[in-house]
file target-v9.csv (CSV, C-alpha atoms and all ligand atoms)
chain,number,residue,atom,x,y,z
A,1,MET,CA,15.7,13.9,15.7
A,2,ALA,CA,16.1,11.0,13.4
A,3,VAL,CA,13.3,8.6,13.8
A,4,TYR,CA,10.9,9.4,11.0
A,5,THR,CA,8.9,6.2,11.0
A,6,HIS,CA,7.1,4.6,13.9
A,7,LEU,CA,7.7,0.8,14.1
A,8,SER,CA,5.4,-1.2,16.4
A,9,ALA,CA,6.8,-3.7,18.9
A,10,GLU,CA,5.2,-6.5,16.9
A,11,THR,CA,6.8,-5.3,13.6
A,12,LEU,CA,10.2,-5.0,15.2
A,13,GLU,CA,9.9,-8.5,16.8
A,14,GLU,CA,8.9,-10.0,13.5
A,15,LEU,CA,11.8,-8.2,11.7
A,16,ILE,CA,14.4,-9.3,14.2
A,17,ALA,CA,13.1,-12.9,14.0
A,18,GLU,CA,14.3,-12.9,10.4
A,19,TYR,CA,17.9,-12.7,11.7
A,20,ASP,CA,19.9,-15.2,13.7
A,21,VAL,CA,20.5,-12.8,16.6
A,22,GLY,CA,18.2,-14.1,19.4
A,23,LYS,CA,15.0,-12.4,20.4
A,24,LEU,CA,14.2,-8.7,20.6
A,25,VAL,CA,14.7,-7.2,24.1
A,26,SER,CA,14.5,-3.5,23.4
A,27,ALA,CA,14.5,-0.9,20.6
A,28,LYS,CA,15.4,2.7,21.3
A,29,GLY,CA,15.2,5.5,18.7
A,30,ILE,CA,18.5,7.3,18.2
A,31,ALA,CA,18.2,11.1,18.1
A,32,GLU,CA,21.4,11.8,16.1
A,33,GLY,CA,21.5,11.7,12.3
A,34,ILE,CA,19.5,13.4,9.6
A,35,SER,CA,19.1,11.2,6.6
A,36,ASN,CA,17.8,7.9,8.0
A,37,SER,CA,15.9,6.5,11.0
A,38,ASN,CA,18.1,4.6,13.4
A,39,TRP,CA,17.3,2.4,16.4
A,40,LEU,CA,19.6,0.8,19.0
A,41,ILE,CA,18.4,-2.8,19.1
A,42,GLU,CA,19.1,-5.1,22.0
A,43,THR,CA,18.5,-8.8,21.6
A,44,THR,CA,19.0,-11.9,23.8
A,45,GLY,CA,21.9,-12.8,21.4
A,46,LYS,CA,22.6,-16.0,19.6
A,47,ASP,CA,23.9,-17.7,22.7
A,48,GLY,CA,21.8,-15.9,25.2
A,49,GLU,CA,24.5,-13.5,26.3
A,50,GLY,CA,22.8,-10.4,24.9
A,51,ALA,CA,23.8,-8.4,21.8
A,52,ARG,CA,23.4,-4.9,20.4
A,53,PHE,CA,22.8,-3.7,16.9
A,54,ILE,CA,21.9,-0.6,14.9
A,55,LEU,CA,18.8,-0.9,12.8
A,56,THR,CA,18.7,1.7,10.0
A,57,MET,CA,15.7,2.5,7.9
A,58,TYR,CA,16.6,4.3,4.7
A,59,GLU,CA,14.3,7.3,4.5
A,60,TYR,CA,15.4,9.7,1.8
A,61,ARG,CA,18.4,10.8,-0.2
A,62,ILE,CA,19.6,7.2,-0.6
A,63,ASP,CA,18.8,5.5,-3.8
A,64,ILE,CA,17.9,1.9,-2.8
A,65,GLU,CA,19.7,0.7,-6.0
A,66,GLN,CA,22.9,2.0,-4.5
A,67,LEU,CA,22.5,0.2,-1.1
A,68,PRO,CA,24.4,-2.9,-2.3
A,69,PHE,CA,27.5,-0.7,-2.9
A,70,PHE,CA,27.3,0.8,0.6
A,71,LEU,CA,26.5,-2.4,2.5
A,72,ASN,CA,29.0,-4.6,0.5
A,73,LEU,CA,31.7,-1.9,1.2
A,74,LEU,CA,31.0,-2.2,4.9
A,75,ASP,CA,31.3,-6.0,4.8
A,76,HIS,CA,34.5,-5.7,2.6
A,77,LEU,CA,36.2,-3.3,5.0
A,78,ALA,CA,35.1,-5.1,8.2
A,79,ALA,CA,36.4,-8.4,6.8
A,80,ARG,CA,39.8,-6.7,6.3
A,81,GLY,CA,39.9,-5.6,10.0
A,82,CYS,CA,38.9,-2.0,9.5
A,83,PRO,CA,36.9,-0.4,12.4
A,84,VAL,CA,33.6,-0.3,10.4
A,85,PRO,CA,30.4,-2.0,11.3
A,86,ALA,CA,29.7,-5.2,9.4
A,87,THR,CA,26.1,-5.7,8.1
A,88,ILE,CA,24.1,-8.6,9.7
A,89,HIS,CA,22.6,-10.7,7.0
A,90,ASP,CA,19.2,-12.3,7.5
A,91,ARG,CA,18.6,-16.0,7.4
A,92,GLN,CA,18.3,-15.9,3.6
A,93,GLY,CA,21.6,-14.1,3.3
A,94,ASN,CA,20.1,-10.6,2.5
A,95,ALA,CA,22.1,-7.5,3.7
A,96,TYR,CA,18.8,-5.5,3.6
A,97,ARG,CA,15.1,-6.2,3.7
A,98,ASP,CA,12.0,-4.4,2.7
A,99,LEU,CA,9.7,-3.2,5.5
A,100,ASP,CA,6.5,-1.6,4.4
A,101,GLY,CA,8.1,-0.3,1.2
A,102,LYS,CA,11.3,1.0,2.9
A,103,ALA,CA,14.7,-0.7,3.0
A,104,VAL,CA,16.1,-1.6,6.4
A,105,ALA,CA,19.5,-3.0,7.4
A,106,LEU,CA,20.7,-4.5,10.7
A,107,ILE,CA,24.3,-3.3,11.4
A,108,GLU,CA,26.9,-4.3,13.9
A,109,PHE,CA,26.9,-1.9,17.0
A,110,LEU,CA,30.3,-0.4,17.6
A,111,GLN,CA,31.4,1.1,20.9
A,112,GLY,CA,32.8,4.7,21.2
A,113,VAL,CA,31.7,8.3,21.2
A,114,SER,CA,31.9,11.1,18.6
A,115,ILE,CA,34.3,13.9,19.6
A,116,GLY,CA,33.7,17.6,19.0
A,117,HIS,CA,37.2,18.7,19.9
A,118,PRO,CA,39.8,16.2,18.9
A,119,THR,CA,43.3,16.1,20.4
A,120,ALA,CA,46.3,15.8,18.1
A,121,GLU,CA,46.6,12.1,19.0
A,122,GLN,CA,43.0,11.5,18.0
A,123,ALA,CA,43.4,13.5,14.8
A,124,PHE,CA,46.5,11.4,13.9
A,125,GLU,CA,44.4,8.2,14.4
A,126,VAL,CA,41.6,9.5,12.3
A,127,GLY,CA,44.0,10.3,9.5
A,128,ALA,CA,45.5,6.8,9.8
A,129,ALA,CA,42.0,5.2,9.8
A,130,LEU,CA,41.0,7.1,6.7
A,131,ALA,CA,44.1,5.8,4.8
A,132,GLN,CA,43.5,2.3,6.2
A,133,ILE,CA,40.0,2.1,4.7
A,134,GLN,CA,41.2,3.5,1.4
A,135,LEU,CA,43.9,0.9,1.2
A,136,ALA,CA,41.6,-1.9,2.4
A,137,ALA,CA,39.1,-0.9,-0.4
A,138,ASP,CA,41.8,-1.3,-3.0
A,139,ASP,CA,40.4,-4.7,-4.1
A,140,PHE,CA,36.7,-3.7,-3.7
A,141,THR,CA,35.3,-4.3,-7.1
A,142,MET,CA,32.1,-2.2,-7.0
A,143,THR,CA,32.2,1.4,-8.1
A,144,ARG,CA,29.9,4.4,-7.5
A,145,THR,CA,30.1,7.7,-9.3
A,146,ASN,CA,30.4,10.7,-7.0
A,147,ASP,CA,27.2,12.6,-7.6
A,148,LEU,CA,28.7,15.7,-5.7
A,149,ARG,CA,31.5,16.8,-8.0
A,150,PRO,CA,32.1,20.4,-9.2
A,151,PRO,CA,29.4,20.4,-11.9
A,152,ASP,CA,26.9,19.0,-9.3
A,153,TRP,CA,27.7,21.9,-6.9
A,154,ARG,CA,27.0,24.3,-9.7
A,155,ASP,CA,23.7,22.6,-10.4
A,156,LEU,CA,22.7,22.8,-6.7
A,157,PHE,CA,23.5,26.5,-6.7
A,158,ASP,CA,21.5,27.0,-9.9
A,159,LYS,CA,18.5,25.2,-8.3
A,160,CYS,CA,18.8,27.5,-5.2
A,161,GLY,CA,19.0,30.6,-7.3
A,162,MET,CA,21.5,33.3,-6.5
A,163,GLU,CA,18.9,35.6,-5.1
A,164,ALA,CA,17.9,33.0,-2.4
A,165,ILE,CA,21.6,32.4,-1.7
A,166,ALA,CA,22.2,36.1,-1.2
A,167,GLY,CA,19.2,36.0,1.1
A,168,ILE,CA,21.1,33.7,3.4
A,169,SER,CA,24.1,36.1,3.2
A,170,GLU,CA,25.7,38.4,0.6
A,171,LYS,CA,29.1,37.0,1.7
A,172,LEU,CA,27.9,33.5,0.8
A,173,ALA,CA,26.9,34.6,-2.7
A,174,ASP,CA,30.2,36.5,-3.1
A,175,SER,CA,32.3,33.5,-2.1
A,176,ILE,CA,30.5,31.2,-4.6
A,177,GLY,CA,31.0,33.8,-7.3
A,178,ALA,CA,34.7,34.3,-6.5
A,179,HIS,CA,35.7,30.6,-6.2
A,180,LEU,CA,33.3,28.3,-8.1
A,181,PRO,CA,34.5,29.2,-11.7
A,182,ALA,CA,38.1,28.4,-10.9
A,183,LEU,CA,37.2,25.2,-9.2
A,184,LEU,CA,35.2,24.1,-12.2
A,185,GLN,CA,38.0,25.0,-14.5
A,186,ARG,CA,41.0,23.7,-12.6
A,187,TRP,CA,39.5,20.6,-10.9
A,188,PRO,CA,42.1,17.8,-11.5
A,189,GLU,CA,41.5,14.9,-13.9
A,190,ASP,CA,44.1,12.4,-13.2
A,191,LEU,CA,44.9,11.9,-9.5
A,192,PRO,CA,44.9,8.4,-8.0
A,193,ILE,CA,41.3,7.1,-7.6
A,194,GLY,CA,39.7,4.6,-5.3
A,195,THR,CA,36.8,4.1,-3.0
A,196,ILE,CA,36.4,7.0,-0.6
A,197,HIS,CA,34.3,7.8,2.4
A,198,ALA,CA,33.7,11.4,1.3
A,199,ASP,CA,32.0,12.6,4.5
A,200,LEU,CA,34.5,11.7,7.3
A,201,PHE,CA,33.2,14.3,9.8
A,202,PRO,CA,33.6,14.0,13.6
A,203,ASP,CA,30.0,12.8,13.9
A,204,ASN,CA,30.9,9.8,11.6
A,205,VAL,CA,33.8,8.7,13.7
A,206,LEU,CA,33.6,6.9,17.1
A,207,VAL,CA,36.6,6.9,19.4
A,208,LEU,CA,37.5,5.2,22.7
A,209,GLY,CA,40.3,7.2,24.2
A,210,ASN,CA,42.8,7.7,21.4
A,211,THR,CA,41.6,4.6,19.5
A,212,VAL,CA,39.3,5.0,16.5
A,213,SER,CA,36.7,2.3,17.3
A,214,GLY,CA,34.2,3.1,14.5
A,215,LEU,CA,33.9,4.8,11.1
A,216,ILE,CA,30.2,5.0,10.2
A,217,ASP,CA,27.8,6.6,7.8
A,218,PHE,CA,29.3,5.5,4.5
A,219,TYR,CA,26.3,6.8,2.5
A,220,PHE,CA,28.3,9.3,0.5
A,221,ALA,CA,31.1,6.7,-0.3
A,222,CYS,CA,32.0,6.7,-3.9
A,223,THR,CA,34.8,6.3,-6.4
A,224,ASP,CA,36.9,9.4,-6.6
A,225,PHE,CA,40.3,11.0,-5.8
A,226,LEU,CA,41.8,9.5,-2.7
A,227,ALA,CA,43.3,12.9,-1.8
A,228,TYR,CA,39.9,14.5,-2.1
A,229,ASP,CA,38.8,12.3,0.8
A,230,LEU,CA,41.7,13.6,2.9
A,231,ALA,CA,40.7,17.2,1.9
A,232,VAL,CA,37.1,16.5,3.1
A,233,ALA,CA,38.3,15.2,6.4
A,234,HIS,CA,40.7,18.2,6.7
A,235,THR,CA,37.8,20.7,6.3
A,236,ALA,CA,35.8,18.8,8.9
A,237,TRP,CA,38.4,18.2,11.6
A,238,CYS,CA,40.9,21.1,11.5
A,239,PHE,CA,38.8,24.1,12.3
A,240,SER,CA,36.6,25.4,15.1
A,241,ALA,CA,33.0,24.4,14.4
A,242,ASP,CA,32.0,27.7,12.8
A,243,GLY,CA,35.2,27.7,10.7
A,244,SER,CA,36.5,30.9,12.2
A,245,GLU,CA,39.6,29.3,13.6
A,246,PHE,CA,42.1,27.1,11.8
A,247,ARG,CA,43.8,24.5,14.1
A,248,PRO,CA,47.4,23.9,12.7
A,249,ASP,CA,48.3,21.3,15.3
A,250,ILE,CA,45.2,19.2,14.5
A,251,SER,CA,45.9,19.7,10.8
A,252,ALA,CA,49.5,18.5,11.1
A,253,ALA,CA,48.4,15.5,13.1
A,254,LEU,CA,45.6,14.4,10.8
A,255,LEU,CA,48.0,14.7,7.8
A,256,LYS,CA,50.8,12.9,9.5
A,257,GLY,CA,48.4,10.1,10.5
A,258,TYR,CA,47.2,9.7,6.9
A,259,ALA,CA,50.8,9.7,5.6
A,260,SER,CA,51.8,7.1,8.2
A,261,LYS,CA,49.7,4.6,6.2
A,262,ARG,CA,49.6,6.0,2.6
A,263,THR,CA,52.1,8.2,0.8
A,264,LEU,CA,50.6,10.9,-1.3
A,265,ASN,CA,52.4,11.5,-4.6
A,266,ASP,CA,53.7,14.9,-5.7
A,267,GLU,CA,50.6,15.7,-7.8
A,268,GLU,CA,48.3,14.9,-4.9
A,269,ARG,CA,50.2,17.0,-2.5
A,270,ALA,CA,50.3,19.9,-4.9
A,271,ALA,CA,46.5,19.5,-5.4
A,272,LEU,CA,45.6,19.5,-1.7
A,273,PRO,CA,44.9,23.3,-1.4
A,274,LEU,CA,42.6,23.2,-4.5
A,275,LEU,CA,40.9,20.0,-3.3
A,276,ALA,CA,40.2,21.5,0.1
A,277,LYS,CA,38.6,24.6,-1.4
A,278,GLY,CA,36.5,22.2,-3.5
A,279,ALA,CA,35.6,20.2,-0.4
A,280,ALA,CA,34.5,23.4,1.3
A,281,MET,CA,32.5,24.3,-1.8
A,282,ARG,CA,30.8,20.9,-1.8
A,283,PHE,CA,29.5,21.5,1.8
A,284,ILE,CA,28.6,25.1,1.0
A,285,ALA,CA,26.5,23.7,-1.9
A,286,THR,CA,24.6,21.0,0.0
A,287,ARG,CA,24.2,23.2,3.1
A,288,SER,CA,22.9,26.1,1.0
A,289,TYR,CA,20.5,23.8,-0.8
A,290,ASP,CA,19.2,22.3,2.4
A,291,TRP,CA,19.0,25.7,4.1
A,292,ILE,CA,16.8,27.0,1.4
A,293,ASN,CA,14.7,23.9,1.0
A,294,THR,CA,14.2,22.8,4.6
A,295,PRO,CA,11.4,24.7,6.3
A,296,ALA,CA,12.6,26.6,9.3
A,297,GLU,CA,10.1,24.8,11.5
A,298,ALA,CA,11.2,21.3,10.4
A,299,LEU,CA,12.5,19.1,13.1
A,300,VAL,CA,15.8,18.6,11.3
A,301,MET,CA,18.7,20.9,12.3
A,302,ARG,CA,19.9,22.9,9.3
A,303,LYS,CA,23.6,23.3,9.0
A,304,ASN,CA,25.0,26.7,8.3
A,305,PRO,CA,26.8,27.1,5.0
A,306,MET,CA,28.7,30.1,6.4
A,307,ASP,CA,30.7,27.7,8.5
A,308,TYR,CA,32.2,26.5,5.3
A,309,VAL,CA,32.6,29.9,3.7
A,310,ARG,CA,34.9,30.7,6.6
A,311,ARG,CA,36.9,27.5,5.9
A,312,LEU,CA,37.1,28.4,2.2
A,313,ARG,CA,38.5,31.8,3.1
A,314,HIS,CA,41.2,30.2,5.4
A,315,TYR,CA,42.2,27.9,2.5
A,316,ASP,CA,42.4,30.8,0.1
A,317,ALA,CA,44.6,32.8,2.5
A,318,LEU,CA,46.8,29.9,3.7
A,319,GLY,CA,47.4,28.1,0.4
A,320,ALA,CA,49.9,25.2,0.7
A,321,GLN,CA,50.6,26.3,4.3
A,322,ALA,CA,47.4,24.7,5.4
A,323,PHE,CA,48.9,21.4,4.5
A,324,ALA,CA,52.2,21.6,6.2
A,325,PRO,CA,54.1,19.3,6.8
A,326,LEU,CA,53.0,17.5,3.6
A,327,THR,CA,53.4,20.5,1.3
B,401,LIG,N1,27.4,1.0,13.8
B,401,LIG,C1,27.1,1.9,14.8
B,401,LIG,N2,27.5,1.6,16.0
B,401,LIG,C2,27.2,2.5,17.0
B,401,LIG,N3,26.5,3.6,16.9
B,401,LIG,C3,26.0,3.9,15.6
B,401,LIG,C4,26.3,3.0,14.5
B,401,LIG,N4,25.7,3.6,13.4
B,401,LIG,C5,25.1,4.7,13.8
B,401,LIG,N5,25.3,4.9,15.2
B,401,LIG,C6,24.7,6.0,16.0
B,401,LIG,O1,23.6,6.5,15.3
B,401,LIG,C7,23.7,7.9,15.0
B,401,LIG,C8,23.1,8.2,13.6
B,401,LIG,O2,23.8,7.4,12.6
B,401,LIG,P1,24.1,8.1,11.2
B,401,LIG,O3,25.1,9.2,11.4
B,401,LIG,O4,24.6,7.0,10.3
B,401,LIG,O5,22.7,8.6,10.8
B,401,LIG,P2,22.3,9.3,9.4
B,401,LIG,O6,20.9,9.8,9.6
B,401,LIG,O7,22.6,8.4,8.3
B,401,LIG,O8,23.4,10.5,9.4
B,401,LIG,P3,23.5,11.9,8.8
B,401,LIG,O9,23.3,12.8,9.9
B,401,LIG,O10,25.0,12.0,8.4
B,401,LIG,O11,22.6,12.0,7.7
B,401,LIG,C9,25.2,8.1,15.1
B,401,LIG,O12,25.5,9.4,15.5
B,401,LIG,C10,25.7,7.1,16.1
B,401,LIG,O13,25.4,7.7,17.4
B,402,LIG,N1,28.6,16.2,6.8
B,402,LIG,C1,27.8,17.0,6.0
B,402,LIG,C2,26.4,16.5,5.9
B,402,LIG,C3,26.4,15.3,5.0
B,402,LIG,O1,26.7,15.8,3.7
B,402,LIG,C4,27.7,18.5,6.6
B,402,LIG,O2,28.1,18.7,7.7
B,402,LIG,O3,27.3,19.4,5.9
call {"tool": "encode", "arguments": {"input": "target-v9.csv", "output": "structure tokens"}}
result
Amino acid sequence: MAVYTHLSAETLEELIAEYDVGKLVSAKGIAEGISNSNWLIETTGKDGEGARFILTMYEYRIDIEQLPFFLNLLDHLAARGCPVPATIHDRQGNAYRDLDGKAVALIEFLQGVSIGHPTAEQAFEVGAALAQIQLAADDFTMTRTNDLRPPDWRDLFDKCGMEAIAGISEKLADSIGAHLPALLQRWPEDLPIGTIHADLFPDNVLVLGNTVSGLIDFYFACTDFLAYDLAVAHTAWCFSADGSEFRPDISAALLKGYASKRTLNDEERAALPLLAKGAAMRFIATRSYDWINTPAEALVMRKNPMDYVRRLRHYDALGAQAFAPLT
């Protein structure tokens, strides 16, 4: 579920009237998503032909001071032809508004569906789309520090406490103990940097056939290593959901798609195995934290950190082989 706040029909009508998008016709809560409340909004449209939008209410985890970075990034990328939703500005030109103390934004609706099991063709297009947004963001002037880098993973584990982590699984605690110190020590310092999505999971990509029609959910976007973004996408796309099975065909296609738009330098290629272990550790850290701090009866689905422990093990065993044909 992801509609945490009830908005009355009157409130929604008044809100939509602040935008030049016609009159409100319907508003349906969207079940997917965890962090924010989302509604699919239908209006009569500017010219009476009907229009659809996504209304997002920022509920938690997002620091409102950082919203201009996320929303300006969407506008920047959309203006450069990337398949990302532009934000709809209100009549005063604001990209977001305050509604009863919470920020809300109206966002362009993009067609397409999320895919659980990508084909190699789709994985190629996802890799290419990732490189496309990185290149298009080259002249984006805003920056945002990544607040989920190796020391932040360690802090999250410290907050959880190793006892609670071992309570989820002894194997989880063992993997953290075995890999975190080396990641902290060996994390690169001087790879090419830019604006990255940092969470390009299948549920954040919409496709129509083999075409990527939408990249959404930029709320982890930040300024960090471009190759780390590819490593994150690799962890998310190239395994079975529980991480038990590595899919080399999907991996090769994703990497080739990325390389079709942006060439990784030698240092980036050499760093991929380490960056991927780090990416796996980043999701182990946030999932462990959420697992321990989300009550079992909460409506939000908890994501299992063990799915990423299995990925970490694959990366450890495969080394550079996981990144063939780039390595
Ligand atoms: N611009 C868009 N066009 C079409 N559908 C969208 C758009 N933005 C969001 N959606 C739909 O709304 C759902 C939830 O959006 P989103 O993933 O951004 O929510 P969230 O709560 O921020 O996510 P998360 O689960 O990553 O915290 C998506 O799965 C998608 O179905
Ligand atoms: N995509 C993440 C959630 C956002 O950090 C996960 O699956 O753990």
call {"tool": "closest_atom_pairs", "arguments": {"input": "target-v9.csv", "of": "range 34-86 of chain A", "to": "range 1-13 of chain A", "cutoff": "8 Å", "atoms": "only C-alpha atoms", "output": "CSV"}}
result
residue,atom,partner,partner_atom,distance
A:Ile34,CA,A:Ala2,CA,5.6
A:Ser35,CA,A:Ala2,CA,7.4
A:Asn36,CA,A:Ala2,CA,6.5
A:Ser37,CA,A:Val3,CA,4.4
A:Asn38,CA,A:Val3,CA,6.3
A:Trp39,CA,A:Val3,CA,7.8
A:Glu59,CA,A:Tyr4,CA,7.6
call {"tool": "write_last_selection", "arguments": {"input": "target-v9.csv", "atoms": "C-alpha atoms", "output": "PDB file, in the frame of the given file"}}
result
ATOM      1  CA  ILE A  34      19.500  13.400   9.600  1.00  0.00           C
ATOM      2  CA  SER A  35      19.100  11.200   6.600  1.00  0.00           C
ATOM      3  CA  ASN A  36      17.800   7.900   8.000  1.00  0.00           C
ATOM      4  CA  SER A  37      15.900   6.500  11.000  1.00  0.00           C
ATOM      5  CA  ASN A  38      18.100   4.600  13.400  1.00  0.00           C
ATOM      6  CA  TRP A  39      17.300   2.400  16.400  1.00  0.00           C
ATOM      7  CA  GLU A  59      14.300   7.300   4.500  1.00  0.00           C
TER       8      GLU A  59
END
call {"tool": "closest_residue", "arguments": {"input": "target-v9.csv", "among": "A:Leu148, A:Leu274, A:Ile250, A:Leu191", "to": "ligand LIG 402 (chain B)", "atoms": "all atoms listed in the file"}}
result
A:Leu148
call {"tool": "residues_near_point", "arguments": {"input": "target-v9.csv", "point": "(47.6, 20.8, 19.7)", "cutoff": "7 Å", "atoms": "only C-alpha atoms", "output": "PyMOL selection string"}}
result
chain A and resi 119-120+249-250
call {"tool": "atom_distance", "arguments": {"input": "target-v9.csv", "atom1": "CA of Asp152 in chain A", "atom2": "CA of Leu71 in chain A"}}
result
24.4 Å
call {"tool": "atom_distance", "arguments": {"input": "target-v9.csv", "atom1": "atom O2 of ligand LIG 401 (chain B)", "atom2": "CA of Asp217 in chain A"}}
result
6.3 Å
call {"tool": "build_atoms", "arguments": {"input": "target-v9.csv", "residues": "range 203-228 of chain A", "atoms": "N, CA and C atoms", "output": "short mmCIF file (atom, residue, chain, number, x, y, z; two decimals), in the coordinates of the input"}}
result
data_model
loop_
_atom_site.label_atom_id
_atom_site.label_comp_id
_atom_site.auth_asym_id
_atom_site.auth_seq_id
_atom_site.Cartn_x
_atom_site.Cartn_y
_atom_site.Cartn_z
N ASP A 203 31.18 13.54 13.47
CA ASP A 203 30.00 12.80 13.90
C ASP A 203 29.94 11.40 13.20
N ASN A 204 30.86 11.14 12.29
CA ASN A 204 30.90 9.80 11.60
C ASN A 204 32.09 8.99 12.10
N VAL A 205 32.71 9.43 13.19
CA VAL A 205 33.80 8.70 13.70
C VAL A 205 33.57 8.45 15.23
N LEU A 206 33.72 7.20 15.66
CA LEU A 206 33.60 6.90 17.10
C LEU A 206 34.98 6.57 17.62
N VAL A 207 35.28 7.12 18.80
CA VAL A 207 36.60 6.90 19.40
C VAL A 207 36.42 6.38 20.84
N LEU A 208 37.39 5.60 21.26
CA LEU A 208 37.50 5.20 22.70
C LEU A 208 38.90 5.61 23.09
N GLY A 209 38.99 6.65 23.89
CA GLY A 209 40.30 7.20 24.20
C GLY A 209 40.94 7.74 22.94
N ASN A 210 42.14 7.27 22.63
CA ASN A 210 42.80 7.70 21.40
C ASN A 210 42.59 6.69 20.25
N THR A 211 41.80 5.65 20.50
CA THR A 211 41.60 4.60 19.50
C THR A 211 40.36 4.89 18.67
N VAL A 212 40.48 4.83 17.36
CA VAL A 212 39.30 5.00 16.50
C VAL A 212 38.58 3.61 16.55
N SER A 213 37.37 3.60 17.13
CA SER A 213 36.70 2.30 17.30
C SER A 213 35.60 2.14 16.19
N GLY A 214 35.26 3.22 15.50
CA GLY A 214 34.20 3.10 14.50
C GLY A 214 34.26 4.20 13.44
N LEU A 215 34.18 3.83 12.18
CA LEU A 215 33.90 4.80 11.10
C LEU A 215 32.53 4.40 10.59
N ILE A 216 31.61 5.35 10.60
CA ILE A 216 30.20 5.00 10.20
C ILE A 216 29.73 5.93 9.12
N ASP A 217 28.49 5.70 8.73
CA ASP A 217 27.80 6.60 7.80
C ASP A 217 28.55 6.65 6.44
N PHE A 218 28.56 5.55 5.74
CA PHE A 218 29.30 5.50 4.50
C PHE A 218 28.36 5.84 3.28
N TYR A 219 27.29 6.58 3.53
CA TYR A 219 26.30 6.80 2.50
C TYR A 219 26.61 7.84 1.46
N PHE A 220 27.80 8.43 1.58
CA PHE A 220 28.30 9.30 0.50
C PHE A 220 29.52 8.61 -0.17
N ALA A 221 29.87 7.40 0.29
CA ALA A 221 31.10 6.70 -0.30
C ALA A 221 30.90 6.59 -1.77
N CYS A 222 32.01 6.68 -2.46
CA CYS A 222 32.00 6.70 -3.90
C CYS A 222 33.38 6.44 -4.44
N THR A 223 33.49 6.46 -5.75
CA THR A 223 34.80 6.30 -6.40
C THR A 223 35.30 7.61 -6.85
N ASP A 224 36.37 8.07 -6.26
CA ASP A 224 36.90 9.40 -6.60
C ASP A 224 38.31 9.55 -6.13
N PHE A 225 38.86 10.75 -6.22
CA PHE A 225 40.30 11.00 -5.80
C PHE A 225 40.47 10.64 -4.36
N LEU A 226 41.49 9.83 -4.07
CA LEU A 226 41.80 9.50 -2.70
C LEU A 226 42.16 10.76 -1.90
N ALA A 227 42.90 11.66 -2.54
CA ALA A 227 43.30 12.90 -1.80
C ALA A 227 42.15 13.81 -1.54
N TYR A 228 41.09 13.71 -2.32
CA TYR A 228 39.90 14.50 -2.10
C TYR A 228 39.26 14.08 -0.73
#
